[in-house]
Amino acid sequence: MFEPALAEGLAERRKRAGHLLSKMRFLSAQLLAMLEEGLWLRHASHANAMADRLFAGLSAVPGLRLVQPVDANELFVAMPQAMIDALLAAGFAFHDWINPPGEAGPVVRLVTSFATTIDEVDALVDAAGRFLAGGSARR
């Protein structure tokens, strides 16, 4: 540590987080499980497929626009602030994002994972559509 005052308690925090050579077997076991028999690729393929499904669904919702191409499992979508507020209030989780150059309205970052289900993707798309139709975004 360059700042000695910040080093106080670092050894305990490192130990508590499992960052000891003797604990690396736990991390190694997880990595081996991901690498064996292509599990990592199945997880990544599923996350990307859910992102593609989300893209297809949200592309049909007027007023929404992708601000970056979908290359993996993240979507960057410009949407009205009122819709953002309604979707968050309905229990959907996503993050505000930095607007790219030339983008005036709010942008959100939507991320899919190996655990994202078709029902979850469809629920978000349906809620966005219901909001624009003047209904509730509630699930």
# chains A, B, ... in the order shown; residues from 1 in each chain; ligands from 1
$ residues_around --residues "segment 62-72 of chain A" --least-positions-apart "3" --cutoff "10 Å" --atoms "only C-alpha atoms" --output "list in words"
Ala44, Ser45, Ala47, Asn48, Ala49, Met50, Ala51, Asp52, Phe55, Leu58, Ser59, Leu75, Phe76, Val77, Ala78, Met79, Pro80, Met83, Asn99, Pro100, Glu103, Val107, Val108, Val111, Thr112, Ala128, Gly129, Leu132 and Ala133 of chain A
$ write_last_selection --atoms "N, CA, C and O atoms" --output "tab-separated table (two decimals), in the first residue's frame"
chain	number	residue	atom	x	y	z
A	44	ALA	N	-22.96	-18.55	-21.38
A	44	ALA	CA	-22.83	-17.35	-22.22
A	44	ALA	C	-23.83	-17.37	-23.36
A	44	ALA	O	-24.45	-16.33	-23.67
A	45	SER	N	-24.03	-18.51	-23.99
A	45	SER	CA	-24.99	-18.61	-25.09
A	45	SER	C	-26.40	-18.30	-24.62
A	45	SER	O	-27.17	-17.62	-25.31
A	47	ALA	N	-27.26	-16.41	-21.98
A	47	ALA	CA	-27.33	-14.98	-21.68
A	47	ALA	C	-27.47	-14.16	-22.96
A	47	ALA	O	-28.27	-13.23	-23.04
A	48	ASN	N	-26.71	-14.52	-23.99
A	48	ASN	CA	-26.79	-13.81	-25.26
A	48	ASN	C	-28.14	-14.03	-25.95
A	48	ASN	O	-28.69	-13.10	-26.55
A	49	ALA	N	-28.68	-15.24	-25.86
A	49	ALA	CA	-30.00	-15.51	-26.44
A	49	ALA	C	-31.08	-14.69	-25.74
A	49	ALA	O	-32.00	-14.18	-26.39
A	50	MET	N	-30.97	-14.53	-24.43
A	50	MET	CA	-31.95	-13.72	-23.70
A	50	MET	C	-31.82	-12.25	-24.08
A	50	MET	O	-32.81	-11.53	-24.19
A	51	ALA	N	-30.59	-11.79	-24.31
A	51	ALA	CA	-30.38	-10.41	-24.77
A	51	ALA	C	-31.00	-10.21	-26.16
A	51	ALA	O	-31.62	-9.18	-26.42
A	52	ASP	N	-30.82	-11.19	-27.03
A	52	ASP	CA	-31.43	-11.10	-28.37
A	52	ASP	C	-32.95	-11.06	-28.27
A	52	ASP	O	-33.62	-10.31	-28.99
A	55	PHE	N	-33.94	-7.65	-27.00
A	55	PHE	CA	-33.79	-6.69	-28.09
A	55	PHE	C	-34.98	-6.77	-29.05
A	55	PHE	O	-35.56	-5.75	-29.42
A	58	LEU	N	-38.14	-5.33	-27.22
A	58	LEU	CA	-38.12	-3.89	-26.99
A	58	LEU	C	-38.08	-3.10	-28.29
A	58	LEU	O	-38.53	-1.95	-28.33
A	59	SER	N	-37.57	-3.69	-29.35
A	59	SER	CA	-37.55	-3.01	-30.66
A	59	SER	C	-38.96	-2.73	-31.16
A	59	SER	O	-39.17	-1.82	-31.96
A	75	LEU	N	-27.78	-4.52	-23.12
A	75	LEU	CA	-28.49	-3.61	-24.01
A	75	LEU	C	-28.45	-2.22	-23.40
A	75	LEU	O	-28.65	-2.07	-22.19
A	76	PHE	N	-28.20	-1.23	-24.22
A	76	PHE	CA	-28.20	0.17	-23.80
A	76	PHE	C	-29.36	0.83	-24.53
A	76	PHE	O	-29.33	0.99	-25.75
A	77	VAL	N	-30.39	1.18	-23.76
A	77	VAL	CA	-31.66	1.59	-24.35
A	77	VAL	C	-32.03	3.00	-23.88
A	77	VAL	O	-32.03	3.28	-22.68
A	78	ALA	N	-32.34	3.87	-24.84
A	78	ALA	CA	-32.88	5.18	-24.52
A	78	ALA	C	-34.38	5.00	-24.31
A	78	ALA	O	-35.07	4.41	-25.15
A	79	MET	N	-34.86	5.48	-23.16
A	79	MET	CA	-36.30	5.38	-22.88
A	79	MET	C	-36.73	6.58	-22.06
A	79	MET	O	-35.92	7.19	-21.36
A	80	PRO	N	-38.00	6.93	-22.14
A	80	PRO	CA	-38.51	8.08	-21.39
A	80	PRO	C	-38.35	7.87	-19.88
A	80	PRO	O	-38.51	6.76	-19.38
A	83	MET	N	-41.14	6.10	-18.09
A	83	MET	CA	-41.15	4.66	-18.23
A	83	MET	C	-40.11	4.02	-17.31
A	83	MET	O	-40.37	3.00	-16.68
A	99	ASN	N	-25.11	8.86	-21.04
A	99	ASN	CA	-25.58	9.11	-22.40
A	99	ASN	C	-24.41	9.20	-23.37
A	99	ASN	O	-23.44	9.91	-23.10
A	100	PRO	N	-24.51	8.48	-24.48
A	100	PRO	CA	-23.46	8.63	-25.50
A	100	PRO	C	-23.57	10.01	-26.15
A	100	PRO	O	-24.61	10.66	-26.05
A	103	GLU	N	-26.91	11.94	-27.54
A	103	GLU	CA	-28.13	11.34	-26.97
A	103	GLU	C	-28.62	12.23	-25.84
A	103	GLU	O	-27.94	12.41	-24.83
A	107	VAL	N	-30.67	7.02	-20.68
A	107	VAL	CA	-30.28	5.72	-21.21
A	107	VAL	C	-30.14	4.76	-20.04
A	107	VAL	O	-29.61	5.13	-18.99
A	108	VAL	N	-30.62	3.54	-20.21
A	108	VAL	CA	-30.48	2.52	-19.18
A	108	VAL	C	-29.68	1.34	-19.74
A	108	VAL	O	-29.63	1.13	-20.95
A	111	VAL	N	-29.03	-5.97	-18.50
A	111	VAL	CA	-28.07	-7.07	-18.58
A	111	VAL	C	-28.81	-8.39	-18.36
A	111	VAL	O	-29.59	-8.51	-17.42
A	112	THR	N	-28.55	-9.35	-19.23
A	112	THR	CA	-29.09	-10.70	-19.05
A	112	THR	C	-27.96	-11.61	-18.57
A	112	THR	O	-26.79	-11.28	-18.73
A	128	ALA	N	-43.27	-2.69	-20.47
A	128	ALA	CA	-42.96	-1.49	-21.25
A	128	ALA	C	-44.09	-1.19	-22.23
A	128	ALA	O	-44.50	-0.03	-22.38
A	129	GLY	N	-44.61	-2.21	-22.87
A	129	GLY	CA	-45.73	-2.02	-23.79
A	129	GLY	C	-46.99	-1.54	-23.09
A	129	GLY	O	-47.69	-0.66	-23.59
A	132	LEU	N	-46.71	2.20	-22.22
A	132	LEU	CA	-46.95	3.08	-23.37
A	132	LEU	C	-48.41	3.09	-23.77
A	132	LEU	O	-48.91	4.09	-24.31
A	133	ALA	N	-49.11	2.00	-23.51
A	133	ALA	CA	-50.53	1.94	-23.86
A	133	ALA	C	-51.38	2.67	-22.83
A	133	ALA	O	-52.60	2.66	-22.93
$ select_by_dssp --residues "chain A" --states "alpha helix (DSSP H)" --output "PyMOL selection string"
chain A and resi 10-16+24-35+39-59+81-89+118-132
$ residues_around --residues "Ala93 of chain A" --least-positions-apart "2" --cutoff "12 Å" --atoms "only C-alpha atoms" --output "ChimeraX atom specification"
/A:84-91,95-96,108-112,120-121,124
